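As structure tokens, the structure follows; a few thoughts come after it.
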Amino acid sequence: MPHSDAAVSLPAPEPEEPAYVIAASPSQIESTPRTLKHDDTFAVFDAHGDAVPGHASNHGLFHRDTRHLSLFFLTIDGARPLLLSSTVRDDNATLACDLTNPDLPGRGEGGALLHDLIHIRRARFLFRSACRECLSVRNFDVAPRTVEIGLDFAADFADLFEVRGATRARRGTRADPQVEAGRVRLAYRGLDDKVRETTISFEPAPSQLSADRALYRIRLAPGETFAIYVEVCCEPGTGRPSAHRGFREGLINARRELRARMARRASVTSSNNHFNEGMRRASSDLNMLITETPEGPYPYAGVPWFSTVFGRDALITGFETLWMDPAIAKGVLSHLAANQAQDFDGEADAEPGKILHEVRFGEMAEVGEVPFRRYYGSVDSTPLFVMLAGAYFERTGDLATARTLWPAVTAALQWIADHGDRDGDGFVEYGRRRADGLVNQGWKDSFDSIFHADGTLARGPIALVEVQGYAYAAWRAGALLARALGEGHLSAAWHARAERLRAAFDAAFFDDELGTYVLALDGEKRPCRVRASNAGHALFSGIAMPHRAPAVAQALMSGAFFSGWGVRTLAVGEARFNPMSYHNGSVWPHDTAVIALGLAQYGFRAEAARLFEGLFRASVYFDLRRIPELFCGFARQRSQGPVAYPVACTPQAWAAAAPLAMLQAALGLGFDISEGTVVFDRPVLPSFLDTLDLRDITLGDGALDIRVDRGAGGSTSLSVLARRGDVGLKVEL
């Protein structure tokens, strides 16, 4: 997502054989993917429910960065079925595809089979390293029908980076397929000497089964239904003796797990049904992306390319969801603390106290073909970690967790002071340690994202504007935690250090002519005099002097930045501005949300609500109301939706959580642990909401249900619908 491997320079893929097509189909493969995920397993299918190989195809079933199923293709009498509908349930538990037959010659009795007489329903979900499907075939003809249902399958065991286009000089070896009654086992031994295997089970057993195809010959009486259960397991020993039983029990357990996550989270409903759909999808996407780690729930960054631990992304997601589900922030902090760097490792860009950037489990990472096996090459994860630790304590008052995190917090602050400040000037800089590591290590990690006004790329070590703000907030958060844990001398020292950094930052980064903060300082301390959205993060962190905030807010809300849908990453007119670029003019929903939180912090609540309205208007155009990782930065046009970015991840954790953060910003929603109150500071409801209900907003052992109404002239009123426990409401109008 600016994710590390998003910016990796990979060789162009070699031309491939023509895409595998079993039979001509009247309809083309839909471009909108259908994605599922559970823990370390995710899948990308087309709208038919198929995984179709081809040039640059990302279809398939993936487990721990390896593709375990590269082909999964359904036919009826040798032809591809016609698509009726395809949807992922609102809770993301299952993918449902409704299909029917095209005109077919027919087999045996009944003669030619006219279209739309055989209905095929595919219901599929992922759970515990396996993909499970129930495929039901029903005859709606008035005569008996005999049909052949074929399922072609293959496992290429490609590394995720191969799927993205990397070429490899060598690969491991495939084992001979093992075909048993109703089961096929495919296996591959990688260059890392690990065996990865895929077991595909069918119940009932097919009429014919080979190493790459299952074929069912089915005779159906009028109105009769025949069910086929398929189980694809990515880990040895995870399959069930019965695919049918595995489907039934797995679905029950998967839905139970989703309900448990939803139960601990505040909910949002409103007078706007489109908004309600979007909020349900956002919450469901977060549920899907969350993976249970030994330390707690952790939101993986996004599907398909970033379904793994990313430090920065999860930390930002933790901020965005803190008001409604602090357990996410706790899980993120605990997992990152457990994996904090302890030693120097130039190959991993690791230094003592540094927080993880990325983890990969695939073969290419294991053998060092890519540097991301356990990679620490981000400059902002470490200060964001401390910043979130302080915010989590302010939100919950959880002193036990603060005490547990304390060693990691102090180590992170030590990194900021020592290794983060490479030249001793008080600012935090970055520069890669290994030749193929990330050139840029902030959230905009494309090779061309940090540059001077004339477009010349900046040379490091580079001090980014937003990172100085994160460092400032980290010192303040450290001071807060130190005071709570009885370390008064450290609290005073760190608070003073934060104020020194703030003064130095104002002198070095604010540019009166630009009317905002510069993007960065290069290795020679020359300012990159570029108007970028990064400056808005200075409001989010609180490092901006109060008298600077109006100018920054005005710049960000101008037409050069605000597209009508969201804030562009780069202002129109800058040398490298391109609305179709990854980081130089596109709109990233999480970036807009962070800016909205910053605007609200400095009192620009109406501006935050305007950004919220823009992103909501954009969301109604996205499939399933699912907000993508990014979209193009073209200006909003009447009766037209936003322009999509072609390879944006969806769902994406910090994009899914963006409307949650923007709602908090518009409402001025906060918490006062000392007084036991939920606080609304000058709340504003955007124009698309008349009434908003917030339920189960927790504070300590209590909870509130609150209604917010927008009256005439935009005035806002609040009322308590229900109260559980000793928790109060404070409203500042």
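Residues are named by chain letter and number: chains run A, B, ... in the order of the structure tokens, numbers start at 1 in each chain, and ligands are numbered from 1 in the order shown.
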Problem - Test item: residues at most 9 Å from region 53-66 of chain A, only C-alpha atoms, excluding those fewer than 6 positions along its chain, as a ChimeraX atom specification - result: /A:13,15-21,33,40-46,72,129-131,155,157-161,163-165,196,232,234-235,304-305,307-308,360-363
Practice task
Quick one: everything within 8 Å of Thr321 (chain A), counting only C-alpha atoms, minus sequence neighbours fewer than 4 positions away in the same chain. Send it as a ChimeraX atom specification.
Solution key: /A:317,325-326,328-329,657,660-661
Write to file, as an mmCIF file, in the first residue's frame, the residues of the selection just made, with N, CA and C atoms.
data_model
loop_
_atom_site.group_PDB
_atom_site.id
_atom_site.type_symbol
_atom_site.label_atom_id
_atom_site.label_comp_id
_atom_site.auth_asym_id
_atom_site.auth_seq_id
_atom_site.Cartn_x
_atom_site.Cartn_y
_atom_site.Cartn_z
ATOM 1 N N THR A 317 -4.776 0.809 10.721
ATOM 2 C CA THR A 317 -6.094 0.196 10.897
ATOM 3 C C THR A 317 -6.493 0.200 12.371
ATOM 4 N N ASP A 325 -13.636 -0.860 18.270
ATOM 5 C CA ASP A 325 -13.156 -2.192 18.628
ATOM 6 C C ASP A 325 -11.684 -2.121 19.044
ATOM 7 N N PRO A 326 -11.414 -1.707 20.264
ATOM 8 C CA PRO A 326 -10.018 -1.579 20.708
ATOM 9 C C PRO A 326 -9.266 -2.897 20.754
ATOM 10 N N ILE A 328 -8.733 -4.846 18.375
ATOM 11 C CA ILE A 328 -7.887 -4.918 17.179
ATOM 12 C C ILE A 328 -6.558 -4.244 17.458
ATOM 13 N N ALA A 329 -6.583 -3.044 18.011
ATOM 14 C CA ALA A 329 -5.341 -2.342 18.330
ATOM 15 C C ALA A 329 -4.501 -3.144 19.317
ATOM 16 N N ALA A 657 -11.521 0.302 6.756
ATOM 17 C CA ALA A 657 -11.729 1.007 8.025
ATOM 18 C C ALA A 657 -11.820 2.525 7.849
ATOM 19 N N LEU A 660 -15.008 4.317 8.960
ATOM 20 C CA LEU A 660 -15.167 4.286 10.418
ATOM 21 C C LEU A 660 -14.404 5.446 11.054
ATOM 22 N N ALA A 661 -13.182 5.675 10.567
ATOM 23 C CA ALA A 661 -12.387 6.784 11.090
ATOM 24 C C ALA A 661 -12.997 8.131 10.716
#
Exercise for the section: Tell me, as a PyMOL selection string, which residues lie within 8 Å of region 120-126 of chain A, counting only C-alpha atoms; anything in the same chain fewer than 3 positions away does not count. Expected result: chain A and resi 36-38+41-42+49+93-100+129-138+251
Selection file, N, CA and C atoms, as a short mmCIF file (atom, residue, chain, number, x, y, z; two decimals), in the first residue's frame:
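That gives us result-v1.cif:
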data_model
loop_
_atom_site.label_atom_id
_atom_site.label_comp_id
_atom_site.auth_asym_id
_atom_site.auth_seq_id
_atom_site.Cartn_x
_atom_site.Cartn_y
_atom_site.Cartn_z
N LEU A 36 -12.17 -14.42 -1.02
CA LEU A 36 -12.45 -14.99 0.29
C LEU A 36 -11.14 -15.08 1.04
N LYS A 37 -11.22 -15.06 2.37
CA LYS A 37 -10.02 -15.19 3.18
C LYS A 37 -10.38 -15.76 4.55
N HIS A 38 -9.50 -16.59 5.07
CA HIS A 38 -9.57 -16.99 6.47
C HIS A 38 -8.15 -17.23 6.96
N THR A 41 -5.04 -18.16 4.66
CA THR A 41 -5.50 -18.68 3.37
C THR A 41 -6.43 -17.65 2.72
N PHE A 42 -6.23 -17.41 1.42
CA PHE A 42 -7.16 -16.56 0.70
C PHE A 42 -7.36 -17.12 -0.70
N GLY A 49 -17.14 -18.46 -10.08
CA GLY A 49 -16.57 -19.30 -9.03
C GLY A 49 -15.38 -20.10 -9.50
N ALA A 93 -18.93 -14.57 4.63
CA ALA A 93 -18.76 -15.96 5.03
C ALA A 93 -18.70 -16.89 3.83
N THR A 94 -19.51 -16.63 2.81
CA THR A 94 -19.58 -17.54 1.69
C THR A 94 -19.68 -16.79 0.37
N LEU A 95 -19.21 -17.46 -0.68
CA LEU A 95 -19.42 -17.04 -2.05
C LEU A 95 -20.51 -17.91 -2.64
N ALA A 96 -21.52 -17.29 -3.24
CA ALA A 96 -22.61 -18.03 -3.87
C ALA A 96 -22.67 -17.65 -5.34
N CYS A 97 -22.63 -18.66 -6.22
CA CYS A 97 -22.70 -18.46 -7.66
C CYS A 97 -23.85 -19.29 -8.21
N ASP A 98 -24.75 -18.64 -8.93
CA ASP A 98 -25.86 -19.34 -9.56
C ASP A 98 -25.61 -19.40 -11.06
N LEU A 99 -25.64 -20.62 -11.60
CA LEU A 99 -25.31 -20.87 -12.99
C LEU A 99 -26.40 -21.71 -13.63
N THR A 100 -26.41 -21.73 -14.97
CA THR A 100 -27.35 -22.59 -15.68
C THR A 100 -26.70 -23.06 -16.97
N SER A 129 -7.35 -23.39 6.67
CA SER A 129 -6.43 -23.88 5.64
C SER A 129 -7.12 -24.70 4.56
N ALA A 130 -8.42 -24.56 4.40
CA ALA A 130 -9.13 -25.35 3.41
C ALA A 130 -10.22 -24.53 2.74
N CYS A 131 -10.49 -24.87 1.49
CA CYS A 131 -11.62 -24.32 0.74
C CYS A 131 -12.67 -25.42 0.62
N ARG A 132 -13.89 -25.13 1.02
CA ARG A 132 -14.95 -26.13 1.00
C ARG A 132 -16.11 -25.63 0.15
N GLU A 133 -16.66 -26.53 -0.65
CA GLU A 133 -17.72 -26.14 -1.57
C GLU A 133 -18.82 -27.19 -1.61
N CYS A 134 -20.05 -26.71 -1.69
CA CYS A 134 -21.20 -27.55 -2.00
C CYS A 134 -21.71 -27.13 -3.37
N LEU A 135 -21.71 -28.08 -4.30
CA LEU A 135 -22.15 -27.83 -5.67
C LEU A 135 -23.42 -28.63 -5.89
N SER A 136 -24.53 -27.92 -6.02
CA SER A 136 -25.81 -28.62 -6.18
C SER A 136 -26.33 -28.42 -7.61
N VAL A 137 -26.81 -29.50 -8.19
CA VAL A 137 -27.29 -29.50 -9.57
C VAL A 137 -28.75 -29.93 -9.55
N ARG A 138 -29.65 -29.11 -10.10
CA ARG A 138 -31.08 -29.41 -10.07
C ARG A 138 -31.67 -29.36 -11.47
N LEU A 251 -18.75 -24.61 8.04
CA LEU A 251 -19.58 -23.43 7.86
C LEU A 251 -20.15 -22.95 9.18
#
Practice task
Using only C-alpha atoms, find the one residue out of A:Gly331, A:Gly278, A:Pro683, A:Gly377 that sits nearest to Ala618 (chain A).
Solution key: A:Gly278
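Ranking A:His48, A:Arg459, A:Arg625, A:His537 by their shortest atom-to-atom distance to Ala593 (chain A), with only C-alpha atoms included, puts A:His537 first.
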Problem - Nearby residues (only C-alpha atoms) at most 8 Å from Ala474 (chain A), same-chain spacing under 4 positions excluded, as a list of chain:residue names - result: A:Pro383, A:Leu384, A:Phe385, A:Val386, A:Met387, A:Gly390, A:Leu413, A:Tyr470, A:Gly478
Problem - Option closest in space to Gly150 (chain A), from A:Pro294, A:Pro206, A:Gly437, A:Gly424 [counting only C-alpha atoms] - result: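 For Gly150 (chain A), the nearest of the candidates is A:Pro206.
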Exercise for the section: Considering only C-alpha atoms, return as a list in words whatever protein or nucleic-acid residues lie within 9 Å of region 398-405 of chain A, sequence-local ones (same chain, fewer than 4 positions apart) excluded. Expected result: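 Selected residues are Lys330, Leu333, Ser334, Ala337, Ala389, Gly390, Tyr392, Phe393, Glu394, Val409, Thr410, Leu481, Ala484, Leu485 and Gly700 of chain A.
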Practice task
Please return as an MDAnalysis selection string: the residues of region 281-378 of chain A that backbone DSSP assigns to helix (DSSP H, G or I).
Solution key: chainID A and resid 281:289 311:321 326:338 346:348 363:366
Write down as a short mmCIF file (atom, residue, chain, number, x, y, z; two decimals) with N, CA and C atoms, in the first residue's frame the residues belonging to region 207-311 of chain A that are assigned strand (DSSP E or B) by DSSP computed on the backbone.
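Saved to part-v8.cif:
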data_model
loop_
_atom_site.label_atom_id
_atom_site.label_comp_id
_atom_site.auth_asym_id
_atom_site.auth_seq_id
_atom_site.Cartn_x
_atom_site.Cartn_y
_atom_site.Cartn_z
N GLN A 208 -15.51 -40.60 -12.77
CA GLN A 208 -14.13 -40.75 -13.21
C GLN A 208 -13.29 -39.73 -12.46
N LEU A 209 -12.10 -40.10 -12.05
CA LEU A 209 -11.19 -39.19 -11.36
C LEU A 209 -9.78 -39.44 -11.83
N ARG A 213 -8.75 -34.01 -13.27
CA ARG A 213 -10.16 -33.83 -13.61
C ARG A 213 -11.04 -34.81 -12.83
N ALA A 214 -12.18 -34.27 -12.36
CA ALA A 214 -13.24 -35.09 -11.78
C ALA A 214 -14.46 -34.97 -12.68
N LEU A 215 -15.07 -36.11 -12.99
CA LEU A 215 -16.22 -36.11 -13.88
C LEU A 215 -17.36 -36.88 -13.23
N TYR A 216 -18.53 -36.23 -13.17
CA TYR A 216 -19.74 -36.85 -12.64
C TYR A 216 -20.76 -37.03 -13.77
N ARG A 217 -21.24 -38.25 -13.95
CA ARG A 217 -22.36 -38.51 -14.85
C ARG A 217 -23.60 -38.67 -13.98
N ILE A 218 -24.54 -37.74 -14.16
CA ILE A 218 -25.67 -37.64 -13.23
C ILE A 218 -26.98 -37.76 -14.00
N ARG A 219 -27.83 -38.64 -13.55
CA ARG A 219 -29.20 -38.71 -14.09
C ARG A 219 -30.14 -38.07 -13.07
N LEU A 220 -30.87 -37.07 -13.53
CA LEU A 220 -31.75 -36.30 -12.65
C LEU A 220 -33.19 -36.44 -13.11
N THR A 225 -32.44 -32.93 -7.26
CA THR A 225 -31.18 -32.23 -7.00
C THR A 225 -30.10 -33.23 -6.60
N PHE A 226 -28.92 -33.02 -7.14
CA PHE A 226 -27.76 -33.85 -6.79
C PHE A 226 -26.69 -32.94 -6.22
N ALA A 227 -26.14 -33.28 -5.06
CA ALA A 227 -25.15 -32.43 -4.38
C ALA A 227 -23.77 -33.08 -4.43
N ILE A 228 -22.78 -32.26 -4.72
CA ILE A 228 -21.37 -32.67 -4.74
C ILE A 228 -20.63 -31.80 -3.74
N TYR A 229 -19.85 -32.43 -2.87
CA TYR A 229 -19.05 -31.70 -1.90
C TYR A 229 -17.57 -31.83 -2.27
N VAL A 230 -16.91 -30.68 -2.29
CA VAL A 230 -15.49 -30.63 -2.65
C VAL A 230 -14.73 -29.95 -1.53
N GLU A 231 -13.61 -30.54 -1.15
CA GLU A 231 -12.77 -29.98 -0.10
C GLU A 231 -11.34 -29.89 -0.62
N VAL A 232 -10.77 -28.68 -0.60
CA VAL A 232 -9.40 -28.47 -1.06
C VAL A 232 -8.57 -28.04 0.15
N CYS A 233 -7.67 -28.89 0.59
CA CYS A 233 -6.88 -28.64 1.80
C CYS A 233 -5.45 -28.27 1.43
N SER A 267 -21.70 -0.97 16.62
CA SER A 267 -22.36 -1.04 15.31
C SER A 267 -22.92 0.32 14.94
N VAL A 268 -23.10 0.51 13.63
CA VAL A 268 -23.56 1.79 13.10
C VAL A 268 -24.70 1.53 12.14
N THR A 269 -25.83 2.21 12.33
CA THR A 269 -26.92 2.21 11.36
C THR A 269 -27.40 3.64 11.20
N SER A 270 -28.05 3.90 10.07
CA SER A 270 -28.44 5.27 9.78
C SER A 270 -29.72 5.31 8.97
N ILE A 290 -8.97 -10.07 9.34
CA ILE A 290 -8.34 -10.33 10.65
C ILE A 290 -7.92 -11.80 10.73
N THR A 291 -6.70 -12.00 11.16
CA THR A 291 -6.15 -13.33 11.39
C THR A 291 -5.82 -13.47 12.86
N GLU A 292 -6.19 -14.59 13.42
CA GLU A 292 -5.91 -14.82 14.84
C GLU A 292 -4.45 -15.26 15.01
N THR A 293 -3.68 -14.47 15.72
CA THR A 293 -2.30 -14.80 16.04
C THR A 293 -2.22 -15.22 17.50
N GLY A 296 -3.26 -12.32 19.55
CA GLY A 296 -4.55 -11.69 19.40
C GLY A 296 -4.89 -11.42 17.95
N PRO A 297 -6.05 -10.77 17.70
CA PRO A 297 -6.49 -10.52 16.32
C PRO A 297 -5.57 -9.53 15.61
N TYR A 298 -5.25 -9.83 14.34
CA TYR A 298 -4.35 -8.98 13.57
C TYR A 298 -4.91 -8.83 12.16
N PRO A 299 -5.20 -7.60 11.72
CA PRO A 299 -5.73 -7.42 10.36
C PRO A 299 -4.61 -7.51 9.32
N GLY A 302 -4.28 -6.83 2.92
CA GLY A 302 -5.25 -6.83 1.84
C GLY A 302 -5.07 -8.02 0.91
N PHE A 306 -1.31 -8.63 -0.45
CA PHE A 306 -0.79 -8.27 0.86
C PHE A 306 -1.52 -8.98 1.99
N PHE A 310 1.58 -6.80 7.91
CA PHE A 310 2.28 -5.55 7.62
C PHE A 310 2.15 -4.67 8.85
#
Fill in the blank from the handout: Closest of A:Arg500, A:Arg432, A:Arg145, A:Arg89 to Leu113 (chain A), counting only C-alpha atoms, is A:Arg145
Practice task
Rounded to one decimal place, report the CA of Val708 (chain A)-CA of Ala609 (chain A) distance in Å.
Solution key: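 We find that CA of Val708 (chain A) and CA of Ala609 (chain A) lie 14.3 Å from each other.
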Practice task
Name the closest residue to Asp193 (chain A) among the candidates A:Ala266, A:Ala503, A:Met364, A:Ala496; distances are taken between atoms, counting only C-alpha atoms.
Solution key: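 Distance minimum relative to Asp193 (chain A) lands on A:Met364.
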Problem - Test item: residues at most 6 Å from Gly523 (chain A), only C-alpha atoms, excluding those fewer than 3 positions along its chain, as a list in words - result: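 My reading of the contact set: Arg459, Gly460, Pro461 and Ile462 of chain A.
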Using N, CA and C atoms, can you write the selected residues to a file as an mmCIF file, in the first residue's frame?
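Saved file out-v7.cif follows:
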data_model
loop_
_atom_site.group_PDB
_atom_site.id
_atom_site.type_symbol
_atom_site.label_atom_id
_atom_site.label_comp_id
_atom_site.auth_asym_id
_atom_site.auth_seq_id
_atom_site.Cartn_x
_atom_site.Cartn_y
_atom_site.Cartn_z
ATOM 1 N N ARG A 459 17.518 12.067 -2.894
ATOM 2 C CA ARG A 459 18.502 11.093 -2.425
ATOM 3 C C ARG A 459 18.544 11.124 -0.902
ATOM 4 N N GLY A 460 18.722 9.961 -0.312
ATOM 5 C CA GLY A 460 18.660 9.834 1.138
ATOM 6 C C GLY A 460 19.964 10.097 1.831
ATOM 7 N N PRO A 461 19.951 9.913 3.148
ATOM 8 C CA PRO A 461 18.791 9.535 3.969
ATOM 9 C C PRO A 461 17.712 10.619 3.970
ATOM 10 N N ILE A 462 16.463 10.208 3.914
ATOM 11 C CA ILE A 462 15.330 11.113 3.729
ATOM 12 C C ILE A 462 14.527 11.205 5.021
#
If you count only C-alpha atoms, which residues fall within 12 Å of Ala211 (chain A), apart from same-chain ones fewer than 6 positions away, as a tab-separated table (two decimals) with C-alpha atoms, in the first residue's frame?
chain	number	residue	atom	x	y	z
A	151	LEU	CA	-14.29	-30.12	-12.56
A	152	ASP	CA	-10.82	-29.48	-13.97
A	153	PHE	CA	-8.15	-28.58	-11.43
A	154	ALA	CA	-4.41	-27.99	-11.12
A	155	ALA	CA	-1.90	-26.73	-8.57
A	175	ALA	CA	5.83	-35.07	-6.91
A	176	ASP	CA	3.80	-37.57	-8.93
A	177	PRO	CA	0.08	-37.01	-8.31
A	178	GLN	CA	-1.59	-39.55	-6.05
A	179	VAL	CA	-5.12	-40.50	-7.09
A	180	GLU	CA	-7.25	-42.45	-4.64
A	181	ALA	CA	-10.94	-43.16	-4.34
A	182	GLY	CA	-12.53	-39.70	-4.27
A	183	ARG	CA	-9.25	-37.93	-3.52
A	184	VAL	CA	-6.22	-36.46	-5.34
A	185	ARG	CA	-2.99	-35.38	-3.69
A	186	LEU	CA	-0.68	-32.90	-5.47
A	187	ALA	CA	2.68	-31.98	-3.95
A	198	THR	CA	-2.84	-29.79	-1.99
A	199	THR	CA	-5.40	-32.49	-1.27
A	200	ILE	CA	-8.69	-32.37	-3.20
A	201	SER	CA	-11.51	-34.56	-1.91
Problem - Among listed residues A:Asp436, A:His244, A:Ser381, A:Leu191, nearest Ile316 (chain A) (using only C-alpha atoms) - result: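 For Ile316 (chain A), the nearest of the candidates is A:Ser381.
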Fill in the blank from the handout: Computed gap from CA of Leu356 (chain A) to CA of Asp343 (chain A) is 12.7 Å
